[in-house]
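Next up, final-v1.txt (compact mmCIF, C-alpha atoms):
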# COMPACT_ATOMS: atom_id res chain seq x y z
CA MET A 22 59.96 124.88 -136.98
CA TYR A 23 59.50 125.20 -133.22
CA SER A 24 63.20 124.56 -132.71
CA PHE A 25 64.08 126.96 -135.53
CA LEU A 26 62.13 129.77 -133.86
CA GLY A 27 63.60 128.91 -130.47
CA LYS A 28 67.16 129.23 -131.75
CA ILE A 29 66.46 132.62 -133.29
CA ASN A 30 64.76 133.80 -130.12
CA ALA A 31 67.72 132.71 -127.99
CA ALA A 32 70.14 134.54 -130.29
CA ARG A 33 67.94 137.66 -130.24
CA LYS A 34 68.09 137.73 -126.48
CA LYS A 35 71.78 136.89 -126.24
CA LEU A 36 72.78 139.76 -128.53
CA GLN A 37 69.89 142.04 -127.58
CA ILE A 38 69.48 142.92 -131.22
CA TRP A 39 66.55 145.24 -130.52
CA SER A 40 69.04 147.83 -129.34
CA GLN A 41 71.15 147.52 -132.48
CA PRO A 42 70.50 149.27 -135.80
CA GLN A 43 69.68 147.25 -138.87
CA VAL A 44 72.27 147.58 -141.63
CA GLU A 45 71.91 146.19 -145.14
CA ARG A 46 75.03 144.18 -145.98
CA TYR A 47 74.36 142.61 -149.37
CA VAL A 48 71.52 142.54 -151.85
CA ASP A 49 70.93 141.14 -155.31
CA ASN A 50 68.04 139.48 -157.12
CA GLN A 51 68.23 136.25 -155.12
CA PHE A 52 70.00 137.09 -151.88
CA TYR A 53 69.62 139.54 -149.01
CA ALA A 54 71.82 139.98 -145.96
CA TYR A 55 71.63 142.43 -143.08
CA SER A 56 73.02 142.81 -139.62
CA ARG A 57 71.75 143.79 -136.18
CA GLY A 58 74.85 144.50 -134.18
CA LYS A 59 76.98 141.38 -134.36
CA MET A 60 74.27 139.24 -135.90
CA LEU A 61 74.28 138.72 -139.65
CA ILE A 62 71.17 137.29 -141.30
CA ALA A 63 71.32 135.84 -144.82
CA ILE A 64 68.24 134.74 -146.74
CA THR A 65 67.37 133.79 -150.30
CA ASN A 66 64.22 133.50 -152.37
CA GLN A 67 65.60 130.40 -154.07
CA VAL A 68 64.61 126.97 -152.83
CA GLY A 69 66.87 124.69 -154.86
CA GLY A 70 70.62 124.46 -155.30
CA GLU A 71 73.30 126.61 -153.74
CA VAL A 72 73.32 130.38 -153.46
CA LYS A 73 76.84 131.58 -152.68
CA ARG A 74 77.77 135.18 -151.97
CA PHE A 75 80.95 136.86 -150.75
CA ILE A 76 80.23 139.27 -147.91
CA SER A 77 82.85 141.99 -147.66
CA TYR A 78 80.76 144.55 -145.74
CA HIS A 79 79.99 143.02 -142.36
CA PRO A 80 80.06 143.83 -138.63
CA PHE A 81 82.76 141.34 -137.59
CA SER A 82 86.46 141.78 -136.88
CA ASN A 83 89.34 140.01 -138.59
CA GLY A 84 90.13 136.81 -136.73
CA GLU A 85 86.71 136.62 -135.14
CA VAL A 86 85.05 133.21 -135.33
CA ILE A 87 81.40 133.34 -136.24
CA CYS A 88 78.94 130.43 -136.29
CA ASN A 89 75.58 129.76 -137.85
CA ILE A 90 73.12 129.49 -134.97
CA PHE A 91 71.41 126.50 -136.60
CA TYR A 92 74.67 124.47 -136.78
CA PRO A 93 76.90 126.11 -134.18
CA ASP A 94 79.35 123.20 -134.00
CA SER A 95 79.89 122.58 -137.69
CA ASP A 96 79.18 125.78 -139.60
CA CYS A 97 81.74 128.28 -138.37
CA ILE A 98 83.96 130.75 -140.20
CA THR A 99 87.10 132.61 -139.14
CA VAL A 100 86.64 136.09 -140.54
CA SER A 101 89.51 137.30 -142.68
CA GLY A 102 88.47 140.35 -144.64
CA GLY A 103 85.27 139.01 -146.09
CA PHE A 104 83.75 135.56 -146.11
CA ASN A 105 81.54 133.37 -148.25
CA VAL A 106 77.99 132.54 -147.27
CA PHE A 107 76.58 129.38 -148.83
CA LEU A 108 72.82 128.90 -148.66
CA GLU A 109 71.84 125.37 -149.61
CA ASN A 110 68.33 124.63 -150.89
CA GLY A 111 66.68 127.76 -149.54
CA GLU A 112 68.09 127.66 -146.04
CA VAL A 113 68.45 130.68 -143.75
CA LYS A 114 71.74 131.37 -142.00
CA ILE A 115 72.26 133.59 -139.00
CA TYR A 116 75.85 134.15 -137.97
CA ILE A 117 76.88 135.38 -134.55
CA PRO A 118 80.27 135.37 -132.77
CA LYS A 119 81.17 131.97 -131.34
CA MET B 54 43.70 145.63 -115.23
CA VAL B 55 47.20 146.53 -116.44
CA GLU B 56 48.35 147.04 -112.87
CA LYS B 57 46.51 144.06 -111.41
CA TYR B 58 47.90 141.57 -113.90
CA HIS B 59 51.26 143.30 -114.58
CA ILE B 60 50.54 143.48 -118.30
CA ASP B 61 53.46 144.61 -120.47
CA GLY B 62 51.50 145.65 -123.52
CA LEU B 63 48.12 145.68 -125.19
CA ARG B 64 47.22 144.35 -128.63
CA ILE B 65 44.07 146.10 -129.76
CA ASP B 66 41.70 144.91 -132.49
CA THR B 67 40.05 146.82 -135.36
CA ILE B 68 41.58 150.21 -134.63
CA PRO B 69 40.00 152.15 -137.54
CA GLU B 70 36.51 151.50 -136.13
CA VAL B 71 37.15 154.01 -133.32
CA PRO B 72 38.41 157.62 -133.68
CA LYS B 73 42.13 158.25 -133.26
CA TRP B 74 41.59 160.74 -130.42
CA PHE B 75 40.15 157.91 -128.35
CA TRP B 76 43.18 155.69 -128.96
CA SER B 77 45.50 158.52 -127.96
CA GLN B 78 43.75 158.88 -124.63
CA PHE B 79 43.40 155.13 -124.17
CA SER B 80 47.06 154.49 -124.96
CA GLN B 81 48.23 157.22 -122.63
CA ALA B 82 45.97 156.03 -119.82
CA SER B 83 47.12 152.42 -120.15
CA GLY B 84 50.72 153.35 -119.42
CA VAL B 85 52.02 150.37 -121.42
CA TYR B 86 53.02 149.57 -124.98
CA THR B 87 50.03 149.58 -127.32
CA VAL B 88 49.91 147.93 -130.74
CA GLY B 89 46.79 147.99 -132.84
CA GLU B 90 45.37 146.12 -135.77
CA VAL B 91 45.01 148.26 -138.87
CA PHE B 92 44.35 145.76 -141.63
CA ASP B 93 46.02 147.65 -144.45
CA GLY B 94 49.38 147.39 -146.22
CA ASN B 95 49.62 151.08 -147.13
CA MET B 96 52.52 152.55 -145.18
CA TRP B 97 51.21 156.09 -145.26
CA TYR B 98 47.86 154.93 -143.89
CA LEU B 99 49.47 152.75 -141.21
CA GLY B 100 51.79 155.60 -140.26
CA GLY B 101 48.77 157.79 -139.63
CA TYR B 102 47.97 155.75 -136.53
CA LEU B 103 51.42 156.09 -134.97
CA GLY B 104 51.28 158.58 -132.18
CA SER B 105 47.72 157.59 -131.31
CA LEU B 106 49.26 154.19 -130.54
CA ASP B 107 52.84 153.12 -130.04
CA ALA B 108 52.63 150.82 -133.06
CA VAL B 109 50.39 148.92 -135.39
CA LEU B 110 50.55 145.41 -136.75
CA ASN B 111 52.94 145.71 -139.67
CA TYR B 112 50.68 144.64 -142.49
CA ALA B 113 53.13 146.25 -144.90
CA PHE B 114 55.73 143.69 -143.77
CA PHE B 115 53.18 140.91 -143.99
CA PHE B 116 52.12 141.70 -147.54
CA SER B 117 55.53 142.76 -148.91
CA ILE B 118 58.02 140.34 -147.39
CA ARG B 119 55.71 137.37 -147.71
CA ASP B 120 55.14 138.17 -151.38
CA ILE B 121 58.86 138.62 -152.11
CA LEU B 122 59.80 135.31 -150.52
CA PHE B 123 56.90 133.05 -151.39
CA ASN B 124 56.57 134.35 -154.92
CA GLN B 125 60.33 134.55 -155.40
CA LYS B 126 60.27 138.22 -156.32
CA ASP B 127 63.46 140.25 -156.74
CA MET B 128 65.20 140.60 -153.36
CA TYR B 129 65.94 144.24 -154.13
CA ASN B 130 62.31 144.71 -153.16
CA ILE B 131 63.37 144.22 -149.54
CA ARG B 132 65.56 147.30 -149.88
CA ASN B 133 62.62 149.10 -151.49
CA TYR B 134 60.38 148.05 -148.61
CA TYR B 135 62.63 149.73 -146.04
CA ASN B 136 63.12 152.78 -148.24
CA GLU B 137 59.36 153.18 -148.49
CA TRP B 138 58.97 153.05 -144.72
CA ALA B 139 61.65 155.71 -144.38
CA LYS B 140 59.60 158.01 -146.61
CA ASN B 141 56.46 157.53 -144.52
CA ILE B 142 57.43 157.49 -140.85
CA ASP B 143 60.18 158.52 -138.51
CA SER B 144 62.68 155.67 -138.59
CA ASN B 145 62.62 155.28 -134.80
CA ARG B 146 58.95 154.30 -134.95
CA LEU B 147 59.83 151.22 -137.00
CA ASN B 148 61.43 149.79 -133.85
CA TYR B 149 57.96 149.37 -132.35
CA MET B 150 56.07 148.03 -135.33
CA ALA B 151 54.87 144.45 -134.97
CA ASN B 152 56.25 142.22 -137.71
CA PHE B 153 54.49 138.99 -138.59
CA CYS B 154 54.27 136.48 -141.43
CA ASP B 155 51.04 134.73 -140.58
CA ASN B 156 47.98 135.29 -138.44
CA HIS B 157 44.51 134.07 -137.59
CA ASP B 158 42.74 136.64 -139.78
CA ASN B 159 44.27 135.52 -143.05
CA ALA B 160 44.56 132.18 -144.76
CA ARG B 161 47.84 130.83 -143.45
CA THR B 162 50.49 131.38 -146.08
CA LEU B 163 51.35 127.70 -146.13
CA SER B 164 47.83 127.06 -147.46
CA TRP B 165 48.83 128.74 -150.72
CA GLY B 166 49.39 126.49 -153.71
CA GLY B 167 52.79 125.17 -154.60
CA ASP B 168 55.30 122.62 -153.48
CA TRP B 169 55.05 121.93 -149.75
CA GLU B 170 58.77 121.67 -149.07
CA SER B 171 59.45 124.90 -150.94
CA LYS B 172 56.74 126.70 -149.00
CA LYS B 173 58.27 125.55 -145.72
CA LYS B 174 61.59 127.10 -146.75
CA HIS B 175 59.92 130.42 -147.53
CA HIS B 176 58.01 130.17 -144.25
CA ARG B 177 61.28 129.82 -142.33
CA ALA B 178 62.90 132.71 -144.22
CA CYS B 179 59.92 134.97 -143.55
CA HIS B 180 59.87 134.18 -139.84
CA ALA B 181 63.64 134.63 -139.60
CA MET B 182 63.14 138.12 -141.02
CA ALA B 183 60.20 138.87 -138.73
CA MET B 184 62.24 137.88 -135.70
CA THR B 185 65.43 139.72 -136.61
CA SER B 186 64.30 142.78 -138.56
CA VAL B 187 63.80 146.13 -136.93
CA GLY B 188 60.50 145.92 -135.05
CA ILE B 189 58.83 143.62 -132.56
CA PRO B 190 58.12 140.10 -133.81
CA ILE B 191 54.79 138.38 -133.43
CA THR B 192 54.64 134.63 -134.04
CA TYR B 193 51.05 133.45 -134.20
CA TYR B 194 50.08 130.07 -132.84
CA GLY B 195 50.40 127.36 -135.43
CA ALA B 196 53.33 128.89 -137.31
CA GLU B 197 55.67 126.89 -135.10
CA GLN B 198 54.26 123.66 -136.51
CA TYR B 199 53.67 124.66 -140.14
CA PHE B 200 49.95 125.20 -139.67
CA ALA B 201 48.45 125.49 -143.15
CA GLY B 202 44.77 126.25 -142.64
CA GLY B 203 43.01 128.21 -145.37
CA ASN B 204 40.34 130.88 -145.04
CA ASP B 205 38.32 131.40 -141.88
CA PRO B 206 37.70 129.22 -139.89
CA GLN B 207 40.50 126.90 -141.07
CA ASN B 208 43.08 129.58 -140.28
CA ARG B 209 42.08 129.76 -136.60
Whole structure given in structure tokens:
Amino acid sequence: MYSFLGKINAARKKLQIWSQPQVERYVDNQFYAYSRGKMLIAITNQVGGEVKRFISYHPFSNGEVICNIFYPDSDCITVSGGFNVFLENGEVKIYIPK
Amino acid sequence: MVEKYHIDGLRIDTIPEVPKWFWSQFSQASGVYTVGEVFDGNMWYLGGYLGSLDAVLNYAFFFSIRDILFNQKDMYNIRNYYNEWAKNIDSNRLNYMANFCDNHDNARTLSWGGDWESKKKHHRACHAMAMTSVGIPITYYGAEQYFAGGNDPQNR
């Protein structure tokens, strides 16, 4: 948990999200996503299985590579229109530009 | 004291025990960010202290977001939470509210019943929201190591 908080804190500072507005990007019964500038946060209330959602309304540009701050070397996406977010077993994902 | 120790901000306890006019003068005299404890989840009531102080501890976040995640309520309630704030305060003031998921005055959320691994996932989701949502995050000691103490004094 200490490491989890540290990674979020580092990303907060890197993108200075406090100066960016919060924008809701996706919501349904089990999933919520929002952005602060070029940070996209995806969370779920489910703790088991996979929650998959296609995000078409986001702050990134086509061709931009974004990575999950918790697995920055292995969980990256090249944005092309929209993109899928997979949340496994209740995990949180926070995407920022690589 | 603020000048001597280069203090950036003041966290003030039990705000409702002292008249608002005092906090206005105190806050202005301090010359730094002031955030006060108003132990109440009612947004209208919390909003009544903004102006006297820069912000209050966001007990509305604490009660609402924690409940949605840990009790697996409909995530549309997060939208409702922000919509309710917008009805009660100027949206700019939300930037200064202090978001938290756990503190020393309440049984730590991880002390609630339920599966331990599931609770840890909700704990992470709640803290991710506290640290990235509009507002200023507060992470209380113990949260970083899944502290699960119950009512006072186990929560300290």
Residues within 10 Å of Asn89 in chain A, all atoms listed in the file, excluding chain neighbours under 6 positions, as a list in words: Met60, Leu61, Ile62, Ser95, Asp96, Cys97, Ile98, Val113, Lys114, Ile115, Tyr116, Ile117, Pro118 and Lys119 of chain A
Residue list for chain B near chain A as a PyMOL selection string, 12 Å, all atoms listed in the file: chain B and resi 118-133+135-136+144-145+147-150+168-200
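The interatomic distance for the pair CA of Pro93 in chain A and CA of Ala31 in chain A works out to 12.9 Å.
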Residue neighbourhood Val72 in chain A, 7 Å, all atoms listed in the file, exclusion window fewer than 6 positions, as a ChimeraX atom specification: /A:107-109
One-decimal distance in Å that lies between CA of Pro206 in chain B and CA of Trp165 in chain B: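 Spanning CA of Trp165 in chain B to CA of Pro206 in chain B is a straight-line distance of 15.5 Å.
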Selection near range 58-72 of chain B, 9 Å with all atoms listed in the file, sequence-local residues under 2 positions removed, as a PyMOL selection string: chain B and resi 54-56+74-76+80+83-92+102+109-110
Kindly export the residues of the current selection with C-alpha atoms, as a PDB file, in the coordinates of the input.
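What ended up in selection.pdb:
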ATOM      1  CA  MET B  54      43.700 145.630-115.230  1.00  0.00           C
ATOM      2  CA  VAL B  55      47.200 146.530-116.440  1.00  0.00           C
ATOM      3  CA  GLU B  56      48.350 147.040-112.870  1.00  0.00           C
ATOM      4  CA  TRP B  74      41.590 160.740-130.420  1.00  0.00           C
ATOM      5  CA  PHE B  75      40.150 157.910-128.350  1.00  0.00           C
ATOM      6  CA  TRP B  76      43.180 155.690-128.960  1.00  0.00           C
ATOM      7  CA  SER B  80      47.060 154.490-124.960  1.00  0.00           C
ATOM      8  CA  SER B  83      47.120 152.420-120.150  1.00  0.00           C
ATOM      9  CA  GLY B  84      50.720 153.350-119.420  1.00  0.00           C
ATOM     10  CA  VAL B  85      52.020 150.370-121.420  1.00  0.00           C
ATOM     11  CA  TYR B  86      53.020 149.570-124.980  1.00  0.00           C
ATOM     12  CA  THR B  87      50.030 149.580-127.320  1.00  0.00           C
ATOM     13  CA  VAL B  88      49.910 147.930-130.740  1.00  0.00           C
ATOM     14  CA  GLY B  89      46.790 147.990-132.840  1.00  0.00           C
ATOM     15  CA  GLU B  90      45.370 146.120-135.770  1.00  0.00           C
ATOM     16  CA  VAL B  91      45.010 148.260-138.870  1.00  0.00           C
ATOM     17  CA  PHE B  92      44.350 145.760-141.630  1.00  0.00           C
ATOM     18  CA  TYR B 102      47.970 155.750-136.530  1.00  0.00           C
ATOM     19  CA  VAL B 109      50.390 148.920-135.390  1.00  0.00           C
ATOM     20  CA  LEU B 110      50.550 145.410-136.750  1.00  0.00           C
TER      21      LEU B 110
END
Residue neighbourhood Ala201 in chain B, 6 Å, all atoms listed in the file, exclusion window fewer than 6 positions, as a list in words: Arg161, Leu163 and Ser164 of chain B
For CA of Leu99 in chain B and CA of Asn159 in chain B, the interatomic separation in Å (one decimal): 18.1 Å
Residues near Phe81 in chain A, cut-off 8 Å, all atoms listed in the file, skip fewer than 3 positions along chain, as a VMD selection string: chain A and resid 59 85 100
Proximity to Ser101 in chain A - best of A:Ser82, A:Gly70, A:Gly58, A:Lys34, only C-alpha atoms: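 Residue with the minimum atom-to-atom distance to Ser101 in chain A: A:Ser82.
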